[in-house]
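What's in final_32.txt: compact mmCIF, C-alpha atoms
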# COMPACT_ATOMS: atom_id res chain seq x y z
CA MET A 1 19.50 -27.01 -29.86
CA PRO A 2 20.96 -24.50 -32.33
CA ASP A 3 24.43 -23.32 -31.39
CA SER A 4 23.20 -19.73 -31.33
CA VAL A 5 20.76 -20.36 -28.46
CA THR A 6 23.11 -19.97 -25.55
CA GLU A 7 22.69 -18.34 -22.18
CA SER A 8 24.78 -15.43 -23.39
CA VAL A 9 22.45 -14.86 -26.36
CA VAL A 10 19.36 -15.04 -24.11
CA VAL A 11 20.84 -12.62 -21.57
CA THR A 12 21.72 -10.19 -24.34
CA ALA A 13 18.14 -10.31 -25.62
CA LEU A 14 16.72 -9.74 -22.14
CA ARG A 15 18.89 -6.65 -21.66
CA GLY A 16 16.51 -5.03 -24.12
CA VAL A 17 13.56 -5.39 -21.73
CA GLU A 18 13.10 -2.66 -19.13
CA ASP A 19 11.13 -2.63 -15.91
CA PRO A 20 8.22 -0.24 -16.68
CA GLU A 21 8.59 1.57 -13.35
CA LEU A 22 12.36 1.56 -12.79
CA HIS A 23 13.31 2.06 -16.45
CA ARG A 24 16.33 -0.22 -16.19
CA ASP A 25 16.88 -3.50 -17.95
CA ILE A 26 15.82 -6.65 -16.13
CA ILE A 27 19.30 -8.19 -16.22
CA SER A 28 20.99 -5.34 -14.37
CA LEU A 29 18.10 -5.31 -11.91
CA ASN A 30 18.62 -9.04 -11.20
CA MET A 31 15.02 -9.79 -12.09
CA VAL A 32 15.81 -12.85 -14.19
CA ARG A 33 15.98 -16.00 -12.09
CA ASP A 34 16.12 -19.77 -12.76
CA LEU A 35 16.99 -19.34 -16.44
CA LYS A 36 16.92 -22.68 -18.28
CA ILE A 37 17.46 -23.51 -21.96
CA GLN A 38 16.21 -26.89 -23.16
CA GLY A 39 16.10 -27.49 -26.89
CA GLU A 40 13.87 -24.83 -28.41
CA SER A 41 12.38 -23.90 -25.04
CA VAL A 42 13.53 -21.16 -22.68
CA SER A 43 12.09 -20.90 -19.18
CA MET A 44 12.73 -18.36 -16.43
CA THR A 45 11.21 -16.59 -13.46
CA LEU A 46 10.62 -12.85 -13.70
CA MET A 47 11.21 -11.58 -10.16
CA LEU A 48 9.06 -8.46 -9.81
CA THR A 49 9.80 -5.77 -7.22
CA THR A 50 6.22 -5.96 -5.91
CA HIS A 51 3.37 -8.45 -6.02
CA ALA A 52 1.08 -5.55 -6.92
CA CYS A 53 2.90 -4.49 -10.08
CA PRO A 54 0.26 -2.54 -12.08
CA LEU A 55 1.78 -3.57 -15.44
CA THR A 56 2.35 -7.28 -14.82
CA GLY A 57 0.61 -8.47 -18.00
CA PRO A 58 2.40 -6.20 -20.50
CA PHE A 59 5.70 -6.70 -18.63
CA LYS A 60 5.48 -10.49 -18.92
CA GLU A 61 4.48 -10.22 -22.57
CA ALA A 62 7.51 -8.02 -23.30
CA VAL A 63 9.82 -10.67 -21.80
CA GLU A 64 8.15 -13.46 -23.78
CA THR A 65 8.38 -11.44 -27.00
CA ALA A 66 12.10 -10.84 -26.46
CA LEU A 67 12.71 -14.55 -25.90
CA LEU A 68 10.68 -15.68 -28.92
CA ALA A 69 12.56 -13.21 -31.11
CA ILE A 70 15.77 -15.18 -30.55
CA PRO A 71 16.53 -17.45 -33.55
CA GLY A 72 15.95 -21.05 -32.57
CA VAL A 73 13.58 -20.33 -29.65
CA ALA A 74 10.08 -21.68 -30.25
CA GLN A 75 8.68 -21.66 -26.71
CA ALA A 76 9.04 -19.17 -23.85
CA ASN A 77 7.82 -20.01 -20.34
CA VAL A 78 7.92 -17.03 -18.00
CA ALA A 79 6.83 -17.54 -14.39
CA LEU A 80 6.15 -14.60 -12.10
CA ASP A 81 7.30 -14.05 -8.54
CA ALA A 82 8.02 -10.99 -6.40
CA GLU A 83 10.72 -9.85 -4.04
CA VAL A 84 9.83 -6.58 -2.32
CA ARG A 85 12.79 -4.33 -1.59
CA GLN A 86 13.26 -2.82 1.84
CA HIS A 87 13.05 0.91 2.43
CA ARG A 88 16.15 2.34 4.06
CA GLY A 89 15.38 5.29 6.30
CA GLY A 90 17.65 7.70 8.09
CA SER A 91 20.18 6.34 10.55
CA ASP A 92 18.33 8.08 13.41
CA ARG A 93 15.18 6.00 12.84
CA LYS A 94 15.04 2.44 14.05
CA PRO A 95 13.67 -0.07 11.52
CA VAL A 96 10.71 -2.18 12.58
CA GLU A 97 11.97 -5.75 12.70
CA GLY A 98 10.74 -7.81 9.78
CA VAL A 99 8.96 -4.91 8.06
CA LYS A 100 10.22 -3.76 4.65
CA ASN A 101 7.99 -0.74 3.97
CA ILE A 102 5.86 1.39 6.28
CA ILE A 103 3.14 3.39 4.54
CA ALA A 104 1.24 6.07 6.46
CA VAL A 105 -2.36 6.87 5.52
CA ALA A 106 -3.09 10.36 6.76
CA SER A 107 -5.31 13.40 6.60
CA ASN A 108 -5.40 16.65 8.50
CA LYS A 109 -9.18 16.46 8.85
CA GLY A 110 -11.48 13.85 10.31
CA GLY A 111 -14.41 12.34 8.46
CA VAL A 112 -12.72 11.91 5.08
CA GLY A 113 -12.76 8.10 5.18
CA LYS A 114 -9.11 7.58 6.04
CA SER A 115 -9.67 4.34 7.96
CA THR A 116 -11.82 2.97 5.12
CA VAL A 117 -8.99 3.73 2.70
CA ALA A 118 -6.35 2.18 4.97
CA THR A 119 -8.25 -1.09 5.46
CA ASN A 120 -9.07 -1.53 1.80
CA LEU A 121 -5.53 -0.73 0.67
CA ALA A 122 -4.15 -3.30 3.11
CA VAL A 123 -6.54 -6.02 1.94
CA ALA A 124 -5.87 -5.10 -1.71
CA LEU A 125 -2.12 -5.59 -1.30
CA ALA A 126 -2.71 -8.89 0.50
CA GLN A 127 -4.97 -10.07 -2.33
CA ARG A 128 -2.12 -9.45 -4.76
CA GLY A 129 0.09 -11.79 -2.73
CA ALA A 130 2.03 -9.40 -0.51
CA LYS A 131 2.62 -9.92 3.21
CA VAL A 132 0.73 -7.05 4.81
CA GLY A 133 0.17 -5.59 8.26
CA LEU A 134 -2.32 -2.93 9.36
CA LEU A 135 -1.63 -0.77 12.41
CA ASP A 136 -4.43 1.30 13.90
CA ALA A 137 -2.48 4.28 15.24
CA ASP A 138 -5.62 6.29 16.00
CA ILE A 139 -5.27 5.61 19.71
CA THR A 140 -8.22 7.68 20.93
CA GLY A 141 -10.60 6.68 18.13
CA PRO A 142 -9.80 3.17 16.89
CA ASN A 143 -12.13 2.13 14.07
CA ILE A 144 -10.07 -0.62 12.47
CA PRO A 145 -11.45 -3.46 14.67
CA THR A 146 -15.02 -2.77 13.49
CA MET A 147 -14.01 -2.36 9.85
CA MET A 148 -11.98 -5.58 9.87
CA GLY A 149 -14.61 -7.61 11.74
CA PHE A 150 -13.11 -7.92 15.23
CA ASP A 151 -15.06 -7.70 18.48
CA ALA A 152 -14.01 -4.82 20.71
CA GLY A 153 -11.79 -5.90 23.59
CA PHE A 154 -11.52 -9.55 22.50
CA GLN A 155 -7.82 -9.75 23.46
CA THR A 156 -8.41 -8.67 27.06
CA LYS A 157 -9.13 -12.31 27.88
CA GLU A 158 -6.13 -13.66 25.97
CA GLU A 159 -2.66 -14.25 27.35
CA GLY A 160 0.40 -12.52 25.96
CA GLY A 161 -0.96 -8.99 25.71
CA LEU A 162 -1.75 -7.13 22.52
CA HIS A 163 -0.64 -9.05 19.41
CA PRO A 164 -1.45 -9.18 15.68
CA GLN A 165 -4.59 -10.95 14.58
CA GLU A 166 -4.90 -12.08 10.98
CA LYS A 167 -7.98 -11.37 8.87
CA TYR A 168 -8.37 -11.35 5.08
CA GLY A 169 -4.65 -12.07 4.79
CA VAL A 170 -3.70 -8.99 6.85
CA ARG A 171 -2.02 -8.95 10.27
CA VAL A 172 -3.89 -6.33 12.31
CA VAL A 173 -3.07 -4.54 15.58
CA SER A 174 -5.30 -2.00 17.33
CA ILE A 175 -5.66 -0.77 20.87
CA GLY A 176 -9.34 -1.50 20.31
CA PHE A 177 -8.46 -5.19 20.68
CA ALA A 178 -7.81 -4.51 24.37
CA LEU A 179 -10.67 -2.09 25.07
CA PRO A 180 -14.22 -3.21 25.87
CA LYS A 181 -16.82 -1.58 23.63
CA GLY A 182 -17.49 2.04 24.54
CA THR A 183 -14.35 2.45 26.65
CA PRO A 184 -12.77 5.86 26.01
CA VAL A 185 -9.01 6.40 25.80
CA VAL A 186 -8.28 9.55 27.79
CA TRP A 187 -4.52 9.85 27.42
CA ARG A 188 -2.16 12.77 27.21
CA GLY A 189 0.25 13.18 24.33
CA PRO A 190 3.30 11.42 25.86
CA MET A 191 1.23 8.30 26.58
CA ILE A 192 -0.03 8.20 23.00
CA GLY A 193 3.53 8.54 21.72
CA THR A 194 4.66 5.68 23.93
CA ALA A 195 1.82 3.48 22.70
CA VAL A 196 2.73 4.07 19.05
CA ARG A 197 6.37 3.28 19.83
CA ASP A 198 5.33 0.02 21.48
CA PHE A 199 3.09 -0.91 18.54
CA LEU A 200 6.00 -0.46 16.17
CA HIS A 201 8.87 -2.02 18.08
CA ASN A 202 7.39 -4.28 20.76
CA ILE A 203 4.89 -6.15 18.60
CA ASP A 204 5.96 -9.27 16.74
CA TRP A 205 4.81 -8.35 13.22
CA GLY A 206 6.58 -11.24 11.55
CA GLU A 207 7.86 -10.75 8.01
CA LEU A 208 5.92 -8.02 6.17
CA ASP A 209 6.33 -6.43 2.76
CA TYR A 210 4.09 -3.53 3.74
CA LEU A 211 2.82 -2.16 7.05
CA ILE A 212 -0.13 0.20 6.48
CA VAL A 213 -0.54 2.67 9.34
CA ASP A 214 -3.89 4.39 9.86
CA LEU A 215 -2.96 7.69 11.50
CA PRO A 216 -5.33 9.91 13.45
CA PRO A 217 -6.34 13.16 11.75
CA GLY A 218 -4.14 16.18 12.22
CA THR A 219 -0.56 16.65 13.36
CA SER A 220 -0.97 14.70 16.58
CA ASP A 221 1.47 12.98 18.91
CA ALA A 222 0.73 9.67 17.21
CA SER A 223 1.80 11.01 13.83
CA MET A 224 4.90 12.70 15.17
CA SER A 225 5.95 9.67 17.20
CA MET A 226 5.54 7.28 14.29
CA VAL A 227 7.65 9.41 11.97
CA GLN A 228 10.37 9.86 14.59
CA GLU A 229 10.43 6.21 15.67
CA ALA A 230 10.59 4.36 12.35
CA PRO A 231 11.66 4.85 8.72
CA ILE A 232 8.50 5.66 6.79
CA ALA A 233 8.63 4.73 3.11
CA GLY A 234 5.93 7.26 2.28
CA ALA A 235 2.65 8.87 3.19
CA VAL A 236 -0.70 8.83 1.37
CA ILE A 237 -2.99 11.81 1.89
CA VAL A 238 -6.75 11.22 1.88
CA SER A 239 -9.12 14.09 1.10
CA THR A 240 -12.64 14.75 -0.08
CA PRO A 241 -13.30 17.25 -2.89
CA GLN A 242 -14.47 19.97 -0.48
CA THR A 243 -12.38 23.12 -0.29
CA VAL A 244 -11.96 22.89 3.48
CA ALA A 245 -10.78 19.27 3.21
CA LEU A 246 -8.29 20.21 0.52
CA GLU A 247 -6.93 23.01 2.68
CA ASP A 248 -6.35 20.47 5.45
CA ALA A 249 -4.77 18.02 3.02
CA THR A 250 -2.27 20.71 2.07
CA LYS A 251 -1.38 21.10 5.74
CA ALA A 252 -0.82 17.35 6.05
CA VAL A 253 1.53 17.43 3.07
CA ALA A 254 3.44 20.31 4.66
CA MET A 255 3.80 18.33 7.89
CA PHE A 256 5.35 15.33 6.14
CA ASP A 257 7.61 17.58 4.09
CA ARG A 258 8.89 19.17 7.28
CA LEU A 259 9.49 15.72 8.77
CA GLN A 260 11.29 14.63 5.58
CA VAL A 261 8.82 11.85 4.78
CA PRO A 262 8.03 11.35 1.07
CA VAL A 263 4.39 11.87 0.11
CA PHE A 264 3.34 9.29 -2.47
CA GLY A 265 0.26 11.21 -3.52
CA VAL A 266 -3.31 12.28 -2.85
CA ILE A 267 -6.53 10.23 -2.93
CA GLU A 268 -9.93 11.82 -3.48
CA ASN A 269 -12.45 9.87 -1.40
CA MET A 270 -16.23 10.34 -1.70
CA SER A 271 -15.46 11.70 -5.14
CA TYR A 272 -18.92 11.16 -6.64
CA PHE A 273 -22.13 9.21 -6.11
CA VAL A 274 -23.95 7.11 -8.70
CA ALA A 275 -27.64 6.59 -7.84
CA PRO A 276 -28.31 2.84 -7.92
CA ASP A 277 -31.88 3.28 -9.20
CA THR A 278 -31.23 5.73 -12.05
CA GLY A 279 -27.50 5.51 -12.71
CA ASN A 280 -27.27 9.28 -12.49
CA ARG A 281 -23.99 10.64 -11.17
CA TYR A 282 -23.97 13.30 -8.45
CA GLU A 283 -20.89 15.17 -7.25
CA ILE A 284 -22.16 15.77 -3.73
CA PHE A 285 -18.97 17.30 -2.34
CA GLY A 286 -17.74 18.71 -5.64
CA HIS A 287 -15.30 16.80 -7.82
CA GLY A 288 -11.69 16.95 -8.98
CA GLY A 289 -10.43 19.24 -6.25
CA ALA A 290 -7.93 16.71 -4.92
CA LYS A 291 -6.45 16.25 -8.39
CA ILE A 292 -5.99 19.99 -8.78
CA ALA A 293 -4.44 20.21 -5.30
CA ALA A 294 -2.06 17.36 -6.10
CA GLU A 295 -0.96 19.11 -9.30
CA GLU A 296 -0.40 22.38 -7.43
CA LEU A 297 1.67 20.57 -4.79
CA GLY A 298 3.67 18.65 -7.38
CA LEU A 299 2.30 15.31 -6.17
CA GLU A 300 0.81 12.31 -7.94
CA PHE A 301 -2.98 12.05 -7.97
CA LEU A 302 -3.46 8.43 -6.95
CA GLY A 303 -7.13 8.13 -7.85
CA GLU A 304 -10.73 8.82 -6.92
CA ILE A 305 -13.03 6.60 -4.87
CA PRO A 306 -16.81 6.89 -5.25
CA LEU A 307 -19.20 7.47 -2.39
CA ASP A 308 -21.47 4.44 -2.22
CA MET A 309 -23.61 2.54 0.24
CA GLU A 310 -21.79 -0.72 -0.49
CA THR A 311 -18.51 0.58 0.88
CA ARG A 312 -20.17 1.93 4.00
CA ALA A 313 -22.15 -1.25 4.62
CA ALA A 314 -19.07 -3.42 4.09
CA GLY A 315 -17.08 -1.45 6.65
CA ASP A 316 -19.88 -1.62 9.20
CA ALA A 317 -20.16 -5.38 8.63
CA GLY A 318 -16.45 -5.94 9.20
CA ALA A 319 -15.63 -7.00 5.64
CA PRO A 320 -13.94 -4.26 3.55
CA VAL A 321 -15.63 -3.76 0.22
CA ILE A 322 -12.63 -5.02 -1.73
CA GLN A 323 -13.12 -8.32 0.10
CA SER A 324 -16.92 -8.53 0.09
CA ALA A 325 -17.51 -7.06 -3.38
CA PRO A 326 -14.26 -7.19 -5.38
CA GLY A 327 -15.99 -6.16 -8.60
CA ALA A 328 -17.56 -3.00 -7.19
CA PRO A 329 -16.36 0.34 -8.60
CA ALA A 330 -14.87 1.31 -5.25
CA SER A 331 -13.00 -2.00 -5.04
CA LEU A 332 -11.50 -1.54 -8.49
CA ALA A 333 -10.42 1.97 -7.50
CA PHE A 334 -8.80 0.72 -4.28
CA MET A 335 -6.89 -1.98 -6.17
CA ALA A 336 -5.60 0.48 -8.76
CA ILE A 337 -4.44 2.85 -6.02
CA ALA A 338 -2.76 0.03 -4.07
CA GLU A 339 -0.82 -0.93 -7.20
CA LYS A 340 0.37 2.65 -7.66
CA ILE A 341 1.53 2.86 -4.04
CA ALA A 342 3.40 -0.44 -4.29
CA ALA A 343 5.08 0.81 -7.47
CA ARG A 344 6.14 4.01 -5.71
CA CYS A 345 7.71 1.93 -2.92
CA SER A 346 9.65 -0.06 -5.52
CA VAL A 347 10.92 3.02 -7.31
CA GLN A 348 11.94 4.69 -4.07
CA SER A 349 13.81 1.63 -2.79
CA TYR A 350 15.65 1.34 -6.09
CA MET A 351 16.61 5.02 -6.02
CA GLN A 352 17.99 4.59 -2.50
CA GLU A 353 20.08 1.61 -3.56
CA SER A 354 21.40 3.49 -6.57
CA ALA A 355 22.31 6.62 -4.60
Could you show the structure in this file as structure tokens?
Amino acid sequence: MPDSVTESVVVTALRGVEDPELHRDIISLNMVRDLKIQGESVSMTLMLTTHACPLTGPFKEAVETALLAIPGVAQANVALDAEVRQHRGGSDRKPVEGVKNIIAVASNKGGVGKSTVATNLAVALAQRGAKVGLLDADITGPNIPTMMGFDAGFQTKEEGGLHPQEKYGVRVVSIGFALPKGTPVVWRGPMIGTAVRDFLHNIDWGELDYLIVDLPPGTSDASMSMVQEAPIAGAVIVSTPQTVALEDATKAVAMFDRLQVPVFGVIENMSYFVAPDTGNRYEIFGHGGAKIAAEELGLEFLGEIPLDMETRAAGDAGAPVIQSAPGAPASLAFMAIAEKIAARCSVQSYMQESA
């Protein structure tokens, strides 16, 4: 081994590589683990801040290039792993045991596909290797059991009360697990708030990197209780391109701003439709409105999801489209959005630690 190839030389070279999201070098971020130098070979583990890093390939290549540029190094072996940082909320909000980041999926209007977005984002993050939970906080209209392939009320016959059930790598909880099909939930606001509190703090979620929460539409007791009861890493607003939906999305953003919850960005669902027989594209509800609204609000536009029969059929069949048809346009859009959200969590956690 040439005398120049020392750990000090390798560390110096790696200080020139920055995390693409955090814009700090990987040495100061403690992302270099298990560094070994053997002859002309250098091996290490690059510890990412999320399993769903959207720039994993170029990031790894940058590290390998830096190593191979060192005189005397002929081989660079870079393994990838991830260590998700925990969001630190205000001191008045009790953390959910074992959960690092809570992400709220919200809208101020029903019928925009919020539950479809929540389920697919959760499965997308799980597919990338993260530990994920999905909480159905829409107490009076739980749709998650159907979309994730669970029979209504199946936990009524089980001992131990309501508890997470795993499907597609996601730990899921919904009041629908304890309600026979067709049973309405006729509860006043305080009861809904209590239920959300119990779902957060009295359920054994295990160790989770991300807990996706499907909120009911509007500024309801469920939304208020969740924000007051736990530190929320950020909210994602779902809208369709319609003017009325965008107006409601703006109200949802205002609610989270008032509650001091960061808004990660806006998603345009049902953005366009491509006819399967002709390939012609139709913008049934208009197009691009959510992007314009995000720009006006100073928020990131997270992406657009097409309106297609495959997504609808997958949800009805209890297998989210990203699971049943991972190559579908909607699935690719969901994955790209999940990666952006995970990156935002990483950046926010880093900024908190640096403050």
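Here atom CA of A:Met31 and atom CA of A:Glu83 stand 9.1 Å from one another.
Atom CA of A:Thr194 to atom CA of A:Ile102 spans 18.2 Å [interatomic distance, one decimal].
In this model, the gap between atom CA of A:Gly289 and atom CA of A:Ser271 comes to 9.1 Å.
Between A:Val253 and the residues A:Pro276, A:Gly160, A:Pro216, A:Gly298, the shortest atom-to-atom distance, using all atoms listed in the file, involves A:Gly298.
Of the listed residues (A:Ala342, A:Met224, A:Val105, A:Ala124), A:Val105 comes nearest to A:Ile267; the distances count only C-alpha atoms.
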Could you list, as a PDB file with C-alpha atoms, in the coordinates of the input, every residue within 8 Å of stretch 346-348 of chain A, counting all atoms listed in the file and ignoring same-chain residues fewer than 2 positions away?
ATOM      1  CA  GLU A  21       8.590   1.570 -13.350  1.00  0.00           C
ATOM      2  CA  LEU A  22      12.360   1.560 -12.790  1.00  0.00           C
ATOM      3  CA  THR A  49       9.800  -5.770  -7.220  1.00  0.00           C
ATOM      4  CA  THR A  50       6.220  -5.960  -5.910  1.00  0.00           C
ATOM      5  CA  VAL A  84       9.830  -6.580  -2.320  1.00  0.00           C
ATOM      6  CA  ARG A  85      12.790  -4.330  -1.590  1.00  0.00           C
ATOM      7  CA  HIS A  87      13.050   0.910   2.430  1.00  0.00           C
ATOM      8  CA  ALA A 233       8.630   4.730   3.110  1.00  0.00           C
ATOM      9  CA  ALA A 342       3.400  -0.440  -4.290  1.00  0.00           C
ATOM     10  CA  ALA A 343       5.080   0.810  -7.470  1.00  0.00           C
ATOM     11  CA  ARG A 344       6.140   4.010  -5.710  1.00  0.00           C
ATOM     12  CA  TYR A 350      15.650   1.340  -6.090  1.00  0.00           C
ATOM     13  CA  MET A 351      16.610   5.020  -6.020  1.00  0.00           C
ATOM     14  CA  GLN A 352      17.990   4.590  -2.500  1.00  0.00           C
TER      15      GLN A 352
END
Fewer than 3 positions away in the same chain doesn't count, so skip those; otherwise give me all residues within 8 Å of stretch 291-297 of chain A, counting all atoms listed in the file, as a VMD selection string. chain A and resid 246 250 265 to 266 268 288 300 to 301
